[in-house]
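Everything below belongs to run_30.tsv, which stores TSV, C-alpha atoms and all ligand atoms.
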chain	number	residue	atom	x	y	z
A	1	MET	CA	-17.68	18.12	30.74
A	2	PRO	CA	-16.53	16.84	27.35
A	3	SER	CA	-12.97	15.50	27.26
A	4	ARG	CA	-10.41	16.83	24.82
A	5	PHE	CA	-9.16	13.25	24.41
A	6	ALA	CA	-10.56	10.59	22.12
A	7	PRO	CA	-12.94	8.11	23.83
A	8	GLU	CA	-11.09	5.05	25.13
A	9	PRO	CA	-12.20	1.52	24.22
A	10	SER	CA	-13.74	0.06	27.40
A	11	PHE	CA	-11.08	-1.45	29.65
A	12	ARG	CA	-11.17	-5.22	30.04
A	13	HIS	CA	-8.98	-6.89	32.62
A	14	ASP	CA	-9.32	-10.22	30.91
A	15	GLN	CA	-8.13	-9.14	27.50
A	16	SER	CA	-4.56	-9.96	26.57
A	17	ALA	CA	-2.37	-6.93	25.93
A	18	ARG	CA	-1.43	-7.27	22.31
A	19	THR	CA	1.44	-6.04	20.19
A	20	GLY	CA	0.93	-4.31	16.86
A	21	ILE	CA	3.04	-3.08	13.98
A	22	LEU	CA	2.21	-0.03	11.89
A	23	LEU	CA	3.80	-0.47	8.47
A	24	CYS	CA	4.00	3.06	7.08
A	25	ASN	CA	4.52	4.28	3.56
A	26	LEU	CA	4.31	7.65	1.87
A	27	GLY	CA	0.81	7.76	0.50
A	28	THR	CA	-0.98	7.87	-2.74
A	29	PRO	CA	-4.12	9.42	-4.21
A	30	ALA	CA	-7.44	7.57	-3.97
A	31	ALA	CA	-7.78	7.51	-7.76
A	32	PRO	CA	-5.71	8.55	-10.80
A	33	THR	CA	-7.77	11.68	-11.35
A	34	ALA	CA	-6.99	15.37	-10.86
A	35	ALA	CA	-9.81	15.61	-8.30
A	36	ALA	CA	-8.23	12.87	-6.18
A	37	VAL	CA	-4.61	13.92	-6.71
A	38	ARG	CA	-5.27	17.54	-5.59
A	39	PRO	CA	-6.08	16.86	-1.89
A	40	TYR	CA	-3.29	14.27	-1.70
A	41	LEU	CA	-0.74	16.73	-3.09
A	42	ALA	CA	-2.11	19.51	-0.85
A	43	GLU	CA	-1.51	17.34	2.23
A	44	PHE	CA	1.88	16.11	1.00
A	45	LEU	CA	3.30	19.41	-0.19
A	46	GLY	CA	1.73	21.27	2.76
A	47	ASP	CA	3.89	19.21	5.15
A	48	ASP	CA	6.74	21.43	6.36
A	49	ARG	CA	8.96	18.35	6.68
A	50	VAL	CA	8.69	17.96	2.90
A	51	VAL	CA	8.85	21.58	1.79
A	52	GLU	CA	10.75	23.73	4.29
A	53	ILE	CA	9.92	27.10	2.73
A	54	PRO	CA	8.16	29.36	5.32
A	55	LYS	CA	4.36	29.04	4.98
A	56	LEU	CA	3.86	32.72	4.23
A	57	ALA	CA	5.96	32.40	1.07
A	58	TRP	CA	5.04	28.81	0.18
A	59	TRP	CA	1.24	28.89	0.57
A	60	PRO	CA	0.52	31.27	-2.35
A	61	ILE	CA	2.82	29.23	-4.62
A	62	LEU	CA	1.32	25.91	-3.53
A	63	HIS	CA	-2.34	26.92	-3.62
A	64	GLY	CA	-2.11	29.59	-6.35
A	65	ILE	CA	0.06	27.76	-8.87
A	66	ILE	CA	1.06	24.16	-8.09
A	67	LEU	CA	-2.33	22.81	-7.00
A	68	ARG	CA	-3.95	24.37	-10.07
A	69	THR	CA	-1.59	22.80	-12.59
A	70	ARG	CA	0.13	19.73	-11.17
A	71	PRO	CA	-2.86	17.51	-10.21
A	72	ALA	CA	-3.94	16.96	-13.83
A	73	LYS	CA	-0.36	16.25	-14.98
A	74	SER	CA	0.33	13.90	-12.06
A	75	ALA	CA	-3.04	12.16	-12.51
A	76	ALA	CA	-2.17	11.36	-16.14
A	77	LYS	CA	1.07	9.76	-14.93
A	78	TYR	CA	-0.71	7.84	-12.18
A	79	ALA	CA	-3.18	6.54	-14.79
A	80	THR	CA	-0.30	4.82	-16.63
A	81	VAL	CA	0.65	2.74	-13.55
A	82	TRP	CA	-2.78	2.31	-11.92
A	83	HIS	CA	-3.90	-1.28	-11.72
A	84	GLU	CA	-7.46	-2.07	-12.81
A	85	LYS	CA	-8.11	-4.39	-9.86
A	86	ASP	CA	-5.45	-3.44	-7.27
A	87	GLY	CA	-5.45	0.36	-7.75
A	88	SER	CA	-2.33	2.24	-6.62
A	89	PRO	CA	0.78	0.04	-6.83
A	90	LEU	CA	2.17	1.68	-3.68
A	91	LEU	CA	-0.94	0.89	-1.63
A	92	HIS	CA	-1.22	-2.59	-3.15
A	93	TRP	CA	2.35	-3.60	-2.24
A	94	THR	CA	2.24	-1.99	1.19
A	95	THR	CA	-0.99	-3.82	2.05
A	96	ARG	CA	0.41	-7.09	0.78
A	97	GLN	CA	3.62	-6.62	2.77
A	98	ALA	CA	1.55	-6.05	5.94
A	99	THR	CA	-0.44	-9.26	5.36
A	100	LEU	CA	2.68	-11.31	4.62
A	101	LEU	CA	4.58	-9.83	7.55
A	102	ARG	CA	1.82	-10.78	9.95
A	103	GLY	CA	1.70	-14.30	8.49
A	104	TRP	CA	5.46	-14.74	8.59
A	105	LEU	CA	5.74	-13.50	12.18
A	106	GLY	CA	2.86	-15.84	13.08
A	107	GLU	CA	4.79	-18.76	11.56
A	108	ARG	CA	7.62	-17.84	13.91
A	109	GLY	CA	5.28	-17.84	16.91
A	110	HIS	CA	4.74	-14.08	17.16
A	111	ASN	CA	1.06	-13.26	17.36
A	112	VAL	CA	1.08	-9.60	16.38
A	113	LEU	CA	-1.33	-7.42	14.42
A	114	VAL	CA	0.07	-5.57	11.41
A	115	GLN	CA	-1.67	-2.59	9.82
A	116	PRO	CA	-0.54	-0.78	6.67
A	117	ALA	CA	-0.75	3.02	6.84
A	118	MET	CA	-0.15	5.96	4.55
A	119	ARG	CA	1.39	9.25	5.69
A	120	TYR	CA	-0.72	11.15	3.15
A	121	GLY	CA	-4.15	10.01	2.00
A	122	THR	CA	-5.71	6.79	3.23
A	123	PRO	CA	-5.56	4.56	5.22
A	124	SER	CA	-4.20	7.30	7.47
A	125	ILE	CA	-1.75	6.75	10.30
A	126	ALA	CA	-4.29	8.05	12.87
A	127	ALA	CA	-7.09	5.77	11.60
A	128	GLN	CA	-4.85	2.70	11.66
A	129	LEU	CA	-3.53	3.50	15.15
A	130	ASP	CA	-7.18	3.81	16.27
A	131	ALA	CA	-7.90	0.42	14.70
A	132	LEU	CA	-4.95	-1.23	16.47
A	133	LYS	CA	-6.04	0.24	19.81
A	134	LYS	CA	-9.59	-0.95	19.26
A	135	ASP	CA	-8.22	-4.47	18.77
A	136	GLY	CA	-6.61	-4.35	22.21
A	137	VAL	CA	-3.09	-3.40	21.14
A	138	THR	CA	-1.08	-1.73	23.90
A	139	ARG	CA	2.37	-1.78	22.28
A	140	ILE	CA	3.02	-0.52	18.78
A	141	LEU	CA	6.13	-0.71	16.63
A	142	ILE	CA	6.21	2.10	14.07
A	143	LEU	CA	7.99	0.65	11.06
A	144	PRO	CA	8.38	3.04	8.09
A	145	LEU	CA	9.00	1.40	4.74
A	146	TYR	CA	11.94	3.77	4.21
A	147	PRO	CA	15.27	1.98	4.70
A	148	GLN	CA	17.20	5.28	4.69
A	149	TYR	CA	16.27	7.88	7.32
A	150	SER	CA	15.24	11.29	6.03
A	151	GLY	CA	13.63	14.18	7.84
A	152	THR	CA	11.36	14.53	4.80
A	153	THR	CA	9.91	11.03	5.13
A	154	THR	CA	10.77	9.07	8.31
A	155	ALA	CA	10.45	12.06	10.63
A	156	SER	CA	7.18	13.04	9.03
A	157	VAL	CA	5.73	9.60	9.81
A	158	PHE	CA	6.85	10.07	13.41
A	159	ASP	CA	5.22	13.54	13.52
A	160	ALA	CA	1.89	11.97	12.51
A	161	VAL	CA	2.23	9.37	15.28
A	162	TYR	CA	3.03	12.06	17.89
A	163	ASP	CA	0.06	14.13	16.69
A	164	TRP	CA	-2.21	11.11	17.18
A	165	ALA	CA	-0.69	10.35	20.61
A	166	ARG	CA	-1.53	13.93	21.70
A	167	THR	CA	-5.22	13.05	21.26
A	168	GLN	CA	-5.06	9.91	23.43
A	169	ARG	CA	-5.66	9.51	27.14
A	170	HIS	CA	-4.09	6.04	27.27
A	171	ILE	CA	-1.07	6.11	24.94
A	172	PRO	CA	0.21	2.68	23.88
A	173	GLU	CA	3.89	1.90	24.37
A	174	LEU	CA	5.55	3.14	21.20
A	175	ARG	CA	8.78	2.17	19.50
A	176	PHE	CA	10.15	3.64	16.30
A	177	VAL	CA	12.40	2.13	13.65
A	178	ASN	CA	14.55	4.95	12.30
A	179	ARG	CA	16.50	3.10	9.62
A	180	TYR	CA	17.68	-0.23	8.24
A	181	HIS	CA	19.76	0.96	5.29
A	182	ASP	CA	22.64	-1.35	6.26
A	183	ASP	CA	20.60	-4.30	7.52
A	184	ALA	CA	22.14	-7.54	6.20
A	185	GLY	CA	18.73	-9.06	5.35
A	186	TYR	CA	17.63	-5.96	3.41
A	187	ILE	CA	20.90	-5.92	1.42
A	188	GLU	CA	20.58	-9.66	0.77
A	189	ALA	CA	16.97	-9.25	-0.45
A	190	LEU	CA	18.10	-6.54	-2.89
A	191	ALA	CA	21.03	-8.65	-4.08
A	192	GLN	CA	18.80	-11.67	-4.70
A	193	ARG	CA	16.34	-9.51	-6.64
A	194	ILE	CA	19.13	-8.29	-8.91
A	195	GLU	CA	20.75	-11.70	-9.33
A	196	ALA	CA	17.38	-13.23	-10.25
A	197	HIS	CA	16.96	-10.53	-12.92
A	198	TRP	CA	20.43	-11.20	-14.26
A	199	ARG	CA	19.73	-14.92	-14.42
A	200	GLY	CA	16.62	-14.28	-16.52
A	201	HIS	CA	17.83	-11.40	-18.71
A	202	GLY	CA	21.62	-11.45	-18.74
A	203	ARG	CA	23.74	-8.68	-17.31
A	204	GLY	CA	24.19	-5.06	-18.40
A	205	ASP	CA	27.34	-2.94	-18.75
A	206	LYS	CA	26.45	-0.97	-15.64
A	207	LEU	CA	24.10	-1.19	-12.67
A	208	VAL	CA	22.45	2.15	-11.87
A	209	MET	CA	21.15	2.43	-8.29
A	210	SER	CA	18.62	5.24	-8.33
A	211	PHE	CA	17.40	6.69	-5.00
A	212	HIS	CA	14.66	9.28	-4.50
A	213	GLY	CA	16.28	12.71	-4.21
A	214	VAL	CA	15.95	15.39	-1.54
A	215	PRO	CA	17.03	19.05	-1.64
A	216	GLU	CA	20.83	19.25	-1.29
A	217	ARG	CA	20.39	21.81	1.46
A	218	THR	CA	19.00	19.11	3.80
A	219	LEU	CA	22.35	17.27	3.58
A	220	HIS	CA	24.20	20.37	4.77
A	221	LEU	CA	21.64	20.82	7.55
A	222	GLY	CA	22.41	17.34	8.93
A	223	ASP	CA	19.99	14.98	7.18
A	224	PRO	CA	21.71	11.55	7.03
A	225	TYR	CA	19.77	10.40	3.95
A	226	HIS	CA	22.56	11.00	1.40
A	227	CYS	CA	25.15	9.10	3.46
A	228	GLU	CA	22.77	6.23	4.22
A	229	SER	CA	21.85	5.88	0.53
A	230	HIS	CA	25.53	5.67	-0.36
A	231	LYS	CA	26.15	3.11	2.37
A	232	THR	CA	23.30	0.93	1.07
A	233	ALA	CA	24.81	1.18	-2.43
A	234	ARG	CA	28.31	0.29	-1.22
A	235	LEU	CA	27.09	-2.73	0.75
A	236	LEU	CA	24.98	-3.91	-2.17
A	237	ALA	CA	27.92	-3.50	-4.57
A	238	GLU	CA	30.17	-5.44	-2.17
A	239	ARG	CA	27.62	-8.24	-1.91
A	240	LEU	CA	27.35	-8.38	-5.72
A	241	LYS	CA	31.15	-8.16	-6.06
A	242	LEU	CA	30.91	-5.08	-8.28
A	243	ALA	CA	33.96	-2.92	-8.95
A	244	THR	CA	33.40	0.84	-8.52
A	245	ASP	CA	33.20	1.33	-12.31
A	246	GLN	CA	30.45	-1.28	-12.62
A	247	TYR	CA	27.79	0.72	-10.78
A	248	LEU	CA	26.58	4.28	-10.30
A	249	VAL	CA	24.51	5.91	-7.55
A	250	THR	CA	22.02	8.52	-8.77
A	251	PHE	CA	19.08	10.52	-7.36
A	252	GLN	CA	15.71	10.90	-9.05
A	253	SER	CA	12.37	12.75	-8.72
A	254	ARG	CA	13.68	16.29	-8.38
A	255	PHE	CA	10.90	18.73	-7.49
A	256	GLY	CA	11.14	22.51	-7.97
A	257	LYS	CA	14.07	24.70	-8.97
A	258	ALA	CA	16.45	24.24	-6.02
A	259	LYS	CA	19.52	22.02	-6.25
A	260	TRP	CA	18.79	18.43	-5.17
A	261	LEU	CA	21.22	15.61	-4.47
A	262	GLU	CA	23.34	14.81	-7.52
A	263	PRO	CA	23.98	13.16	-9.89
A	264	TYR	CA	20.42	13.22	-11.21
A	265	THR	CA	19.21	9.89	-12.61
A	266	GLU	CA	17.88	10.80	-16.04
A	267	PRO	CA	20.71	13.14	-17.14
A	268	SER	CA	23.18	10.49	-15.95
A	269	LEU	CA	21.50	7.83	-18.09
A	270	ILE	CA	21.52	10.13	-21.12
A	271	ALA	CA	25.22	10.90	-20.59
A	272	MET	CA	25.98	7.19	-20.28
A	273	ALA	CA	24.15	6.40	-23.52
A	274	GLN	CA	25.96	9.22	-25.31
A	275	ALA	CA	29.29	7.95	-23.98
A	276	GLY	CA	28.63	4.52	-25.50
A	277	THR	CA	27.08	2.47	-22.69
A	278	ARG	CA	24.90	0.03	-24.57
A	279	ARG	CA	22.92	-1.60	-21.78
A	280	VAL	CA	22.04	-0.45	-18.27
A	281	ASP	CA	20.25	-2.27	-15.46
A	282	VAL	CA	18.41	0.10	-13.13
A	283	VAL	CA	17.33	-0.70	-9.59
A	284	CYS	CA	15.71	1.61	-7.00
A	285	PRO	CA	16.97	0.31	-3.62
A	286	GLY	CA	15.40	3.08	-1.51
A	287	PHE	CA	11.88	2.17	-2.63
A	288	THR	CA	10.64	-0.99	-0.97
A	289	SER	CA	7.50	-0.99	-3.15
A	290	ASP	CA	7.02	-0.19	-6.78
A	291	CYS	CA	5.12	3.08	-7.21
A	292	LEU	CA	4.72	6.06	-9.50
A	293	GLU	CA	8.35	7.09	-9.04
A	294	THR	CA	9.72	3.72	-10.12
A	295	LEU	CA	7.13	2.49	-12.63
A	296	GLU	CA	6.49	5.74	-14.48
A	297	GLU	CA	9.57	7.88	-13.89
A	298	ILE	CA	12.18	5.11	-14.23
A	299	LYS	CA	10.62	2.14	-16.02
A	300	GLN	CA	8.89	4.33	-18.62
A	301	GLU	CA	10.44	7.82	-18.80
A	302	ALA	CA	14.07	7.08	-17.97
A	303	ARG	CA	14.01	4.11	-20.33
A	304	GLU	CA	12.78	6.30	-23.16
A	305	ALA	CA	15.43	8.93	-22.43
A	306	PHE	CA	18.22	6.33	-22.39
A	307	LEU	CA	17.10	4.68	-25.63
A	308	HIS	CA	16.51	8.04	-27.31
A	309	ALA	CA	20.08	9.08	-26.45
A	310	GLY	CA	21.49	6.03	-28.22
A	311	GLY	CA	21.35	3.31	-25.56
A	312	GLN	CA	20.45	-0.17	-26.80
A	313	GLN	CA	18.85	-1.91	-23.84
A	314	PHE	CA	17.35	-0.69	-20.55
A	315	GLU	CA	16.46	-3.27	-17.90
A	316	TYR	CA	14.34	-2.14	-14.98
A	317	ILE	CA	14.66	-4.37	-11.90
A	318	ASP	CA	11.49	-4.56	-9.79
A	319	CYS	CA	11.43	-3.24	-6.22
A	320	LEU	CA	11.43	-5.68	-3.29
A	321	ASN	CA	7.59	-5.74	-3.21
A	322	ASP	CA	6.45	-9.14	-1.84
A	323	SER	CA	9.65	-11.11	-2.51
A	324	ALA	CA	10.28	-13.80	0.12
A	325	PRO	CA	13.77	-12.60	1.16
A	326	TRP	CA	12.36	-9.12	1.76
A	327	ILE	CA	9.48	-10.33	3.92
A	328	THR	CA	12.01	-12.41	5.89
A	329	ALA	CA	14.23	-9.34	6.33
A	330	LEU	CA	11.26	-7.21	7.39
A	331	SER	CA	10.26	-9.85	9.97
A	332	ASP	CA	13.83	-9.91	11.33
A	333	ILE	CA	13.88	-6.11	11.60
A	334	ALA	CA	10.50	-6.12	13.39
A	335	GLN	CA	11.62	-8.88	15.76
A	336	GLN	CA	14.81	-7.02	16.66
A	337	HIS	CA	12.79	-3.96	17.60
A	338	MET	CA	10.07	-5.85	19.49
A	339	GLN	CA	12.59	-7.53	21.80
A	340	GLY	CA	11.28	-7.76	25.34
A	341	TRP	CA	7.66	-7.33	24.27
A	342	PRO	CA	5.55	-10.46	24.81
A	343	THR	CA	4.25	-11.52	21.42
A	344	GLY	CA	3.33	-15.18	22.01
A	345	ARG	CA	-0.20	-16.51	21.77
A	346	GLU	CA	-1.09	-16.91	25.42
A	347	ASP	CA	1.95	-15.69	27.33
A	348	ASP	CA	0.53	-12.23	27.80
A	349	VAL	CA	-2.97	-13.14	28.91
A	350	ASP	CA	-3.72	-12.58	32.56
A	351	LEU	CA	-5.41	-15.94	33.05
A	352	LYS	CA	-6.34	-15.22	36.68
A	353	ALA	CA	-8.13	-12.04	35.67
A	354	ARG	CA	-9.83	-13.87	32.82
A	355	ALA	CA	-11.14	-16.53	35.21
A	356	GLN	CA	-12.40	-13.85	37.64
A	357	HIS	CA	-14.22	-12.06	34.84
A	358	ALA	CA	-15.74	-15.27	33.60
A	359	LYS	CA	-16.91	-16.06	37.14
A	360	ALA	CA	-18.38	-12.55	37.58
A	361	ALA	CA	-20.19	-12.93	34.27
A	362	GLY	CA	-21.61	-16.27	35.42
A	363	ALA	CA	-19.82	-18.33	32.81
A	364	PRO	CA	-19.34	-22.02	33.52
A	365	GLN	CA	-15.85	-22.63	34.99
B	401	LIG	C1	8.51	18.19	-2.76
B	401	LIG	C2	9.47	17.50	-2.35
B	401	LIG	C3	9.60	16.07	-2.19
B	401	LIG	C4	10.49	15.46	-1.33
B	401	LIG	C5	11.49	16.13	-0.42
B	401	LIG	C6	10.29	14.05	-1.46
B	401	LIG	C7	11.02	13.09	-0.75
B	401	LIG	C8	10.79	11.72	-0.85
B	401	LIG	N1	9.73	11.07	-1.47
B	401	LIG	C9	9.89	9.70	-1.33
B	401	LIG	C10	9.06	8.69	-1.84
B	401	LIG	C11	8.02	8.89	-2.77
B	401	LIG	N2	7.65	10.07	-3.35
B	401	LIG	C12	6.58	9.85	-4.18
B	401	LIG	C13	5.90	10.79	-4.93
B	401	LIG	C14	6.13	12.16	-4.88
B	401	LIG	N3	7.20	12.82	-4.30
B	401	LIG	C15	7.04	14.19	-4.40
B	401	LIG	C16	7.85	15.18	-3.85
B	401	LIG	C17	8.85	15.01	-2.88
B	401	LIG	N4	9.31	13.82	-2.38
B	401	LIG	C18	5.80	14.41	-5.12
B	401	LIG	C19	5.23	15.75	-5.46
B	401	LIG	C20	5.25	13.16	-5.40
B	401	LIG	C21	3.86	12.89	-6.01
B	401	LIG	C22	3.80	12.55	-7.38
B	401	LIG	C23	4.01	13.68	-8.29
B	401	LIG	O1	3.15	14.56	-8.36
B	401	LIG	O2	5.07	13.67	-8.95
B	401	LIG	C24	6.25	8.45	-4.14
B	401	LIG	C25	5.19	7.73	-4.96
B	401	LIG	C26	3.76	7.84	-4.46
B	401	LIG	C27	2.81	6.93	-5.23
B	401	LIG	O3	1.60	7.06	-5.03
B	401	LIG	O4	3.20	6.07	-6.01
B	401	LIG	C28	7.13	7.86	-3.24
B	401	LIG	C29	7.17	6.42	-2.81
B	401	LIG	C30	11.09	9.49	-0.58
B	401	LIG	C31	11.64	8.12	-0.21
B	401	LIG	C32	11.64	10.74	-0.28
B	401	LIG	C33	12.85	11.12	0.48
B	401	LIG	C34	13.80	10.34	0.83
B	402	FE	FE	8.72	11.94	-3.21
B	403	FE	FE	8.39	11.65	-9.94

Go ahead and render the structure in this file as structure tokens.
Amino acid sequence: MPSRFAPEPSFRHDQSARTGILLCNLGTPAAPTAAAVRPYLAEFLGDDRVVEIPKLAWWPILHGIILRTRPAKSAAKYATVWHEKDGSPLLHWTTRQATLLRGWLGERGHNVLVQPAMRYGTPSIAAQLDALKKDGVTRILILPLYPQYSGTTTASVFDAVYDWARTQRHIPELRFVNRYHDDAGYIEALAQRIEAHWRGHGRGDKLVMSFHGVPERTLHLGDPYHCESHKTARLLAERLKLATDQYLVTFQSRFGKAKWLEPYTEPSLIAMAQAGTRRVDVVCPGFTSDCLETLEEIKQEAREAFLHAGGQQFEYIDCLNDSAPWITALSDIAQQHMQGWPTGREDDVDLKARAQHAKAAGAPQ
């Protein structure tokens, strides 16, 4: 009788039980073309964590209108940030962070596997969990690259992990990182990024901290994202010794007609320029990797809007990407959450079982 569960890798008593980390980000199309953006957007906007409108009402709008018009417009935007060699900036930085995290943890004596994964598109969460299991991993830390928890992002990553676990006979031990918006290492990494920019380019009249928005309704329904974003901003301002009139928290990337978290980034920048602010520095602390939303929407579009409204200088400060303080912070966060899990090189190998297997296989002792 066929099993409803996925086939298990063959069990080996002599194999060490390994620990893995799944480093999850949002997702990105496979190419900056309408044909590639359409299935990505269909998966993304079809997720009821992202758009909470009942399917019966939402499906005709999504499939009848949005997926007919938006892919071409989004693809043109993606084309402006797509890298000839590295492709999608989001996938590039996430992959690099996974490689560096594994290396950095290895330097500290933690022999763990790290796989990057995308909630929408590829490499998918399910495929990367399969890959970890195939490599003998029996404990997995799910680490979303979202410092602030939101039902729209963090919870959706967790949904994908639960969906995969439902298909498994032998489920690995799973741990989930919900948030690290107030983690000292994360705040320090942001502060150092900003200070390095100021050292190279001087300092603006105001620091704008722009976070991705979510519908305002989710705040009233108990989503902690708004509060966590503000806490990140306050801690960062404290670390940088900024007075309250030296920085502003805004929310970007509004989608659809509903009210989203305010103040909105671009209108705020325009108002600032019109009120006489000559130079702004803009940082996006909620994005750990540069992507469409930072490189196109902020670095290109918001800059143009600010300058057009009379501003003199717009400085975009890069996301954390592969900066050393960020990789250190990420390693610390992973280590905190892996506590109690053996991650050394040989400490988890059942040497007795290995010897027995070797003997049974006729290997020289
Ligand atoms: C439809 C509603 C959306 C919600 C809610 C939302 C929340 C949310 N998103 C991010 C991070 C990213 N979003 C990105 C792109 C993007 N976001 C939406 C919509 C919502 N996001 C869309 C439709 C898109 C696709 C691009 C477009 O067509 O405009 C990205 C960039 C992806 C890339 O490939 O570069 C990121 C990252 C967060 C953190 C968040 C809630 C907290
Ligand atoms: Fe988004
Ligand atoms: Fe956007």

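Going from atom CA of Val283 of chain A to atom CA of Phe176 of chain A covers 27.2 Å.
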
If I take atom C9 of ligand LIG 401 (chain B) and atom CA of Asp205 of chain A, how far is one from the other in Å, to one decimal?
27.7 Å

Centre and edge lengths of an axis-aligned box around all listed atoms of ligand LIG 401 (chain B), with 6 Å added on each side, are to be given in Å to one decimal, as JSON.
{"center_x": 7.7, "center_y": 12.1, "center_z": -4.1, "size_x": 24.2, "size_y": 24.1, "size_z": 21.8}

Write out, as a Markdown table, each residue of segment 185-213 of chain A that has an atom at most 7 Å from segment 223-247 of chain A, together with the closest pair of atoms and their distance in Å to one decimal, counting only C-alpha atoms, rows going by chain and rising number.
| residue | atom | partner | partner_atom | distance |
| --- | --- | --- | --- | --- |
| A:Ile187 | CA | A:Leu236 | CA | 5.8 |
| A:Ala191 | CA | A:Leu236 | CA | 6.5 |
| A:Lys206 | CA | A:Gln246 | CA | 5.0 |
| A:Leu207 | CA | A:Tyr247 | CA | 4.6 |
| A:Val208 | CA | A:Tyr247 | CA | 5.6 |

To check your reading of the model: which residues sit at most 7 Å from ligand LIG 401 (chain B) when counting only C-alpha atoms and all ligand atoms? Write the answer as a CSV table (one decimal) with C-alpha atoms, keeping the file's coordinate frame.
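So the final result, stored in pocket19.csv, reads:
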chain,number,residue,atom,x,y,z
A,26,LEU,CA,4.3,7.6,1.9
A,27,GLY,CA,0.8,7.8,0.5
A,28,THR,CA,-1.0,7.9,-2.7
A,29,PRO,CA,-4.1,9.4,-4.2
A,41,LEU,CA,-0.7,16.7,-3.1
A,45,LEU,CA,3.3,19.4,-0.2
A,50,VAL,CA,8.7,18.0,2.9
A,51,VAL,CA,8.8,21.6,1.8
A,70,ARG,CA,0.1,19.7,-11.2
A,71,PRO,CA,-2.9,17.5,-10.2
A,74,SER,CA,0.3,13.9,-12.1
A,88,SER,CA,-2.3,2.2,-6.6
A,89,PRO,CA,0.8,0.0,-6.8
A,90,LEU,CA,2.2,1.7,-3.7
A,146,TYR,CA,11.9,3.8,4.2
A,150,SER,CA,15.2,11.3,6.0
A,152,THR,CA,11.4,14.5,4.8
A,153,THR,CA,9.9,11.0,5.1
A,212,HIS,CA,14.7,9.3,-4.5
A,213,GLY,CA,16.3,12.7,-4.2
A,214,VAL,CA,16.0,15.4,-1.5
A,215,PRO,CA,17.0,19.0,-1.6
A,225,TYR,CA,19.8,10.4,4.0
A,253,SER,CA,12.4,12.8,-8.7
A,255,PHE,CA,10.9,18.7,-7.5
A,286,GLY,CA,15.4,3.1,-1.5
A,287,PHE,CA,11.9,2.2,-2.6
A,291,CYS,CA,5.1,3.1,-7.2
A,292,LEU,CA,4.7,6.1,-9.5
A,293,GLU,CA,8.4,7.1,-9.0
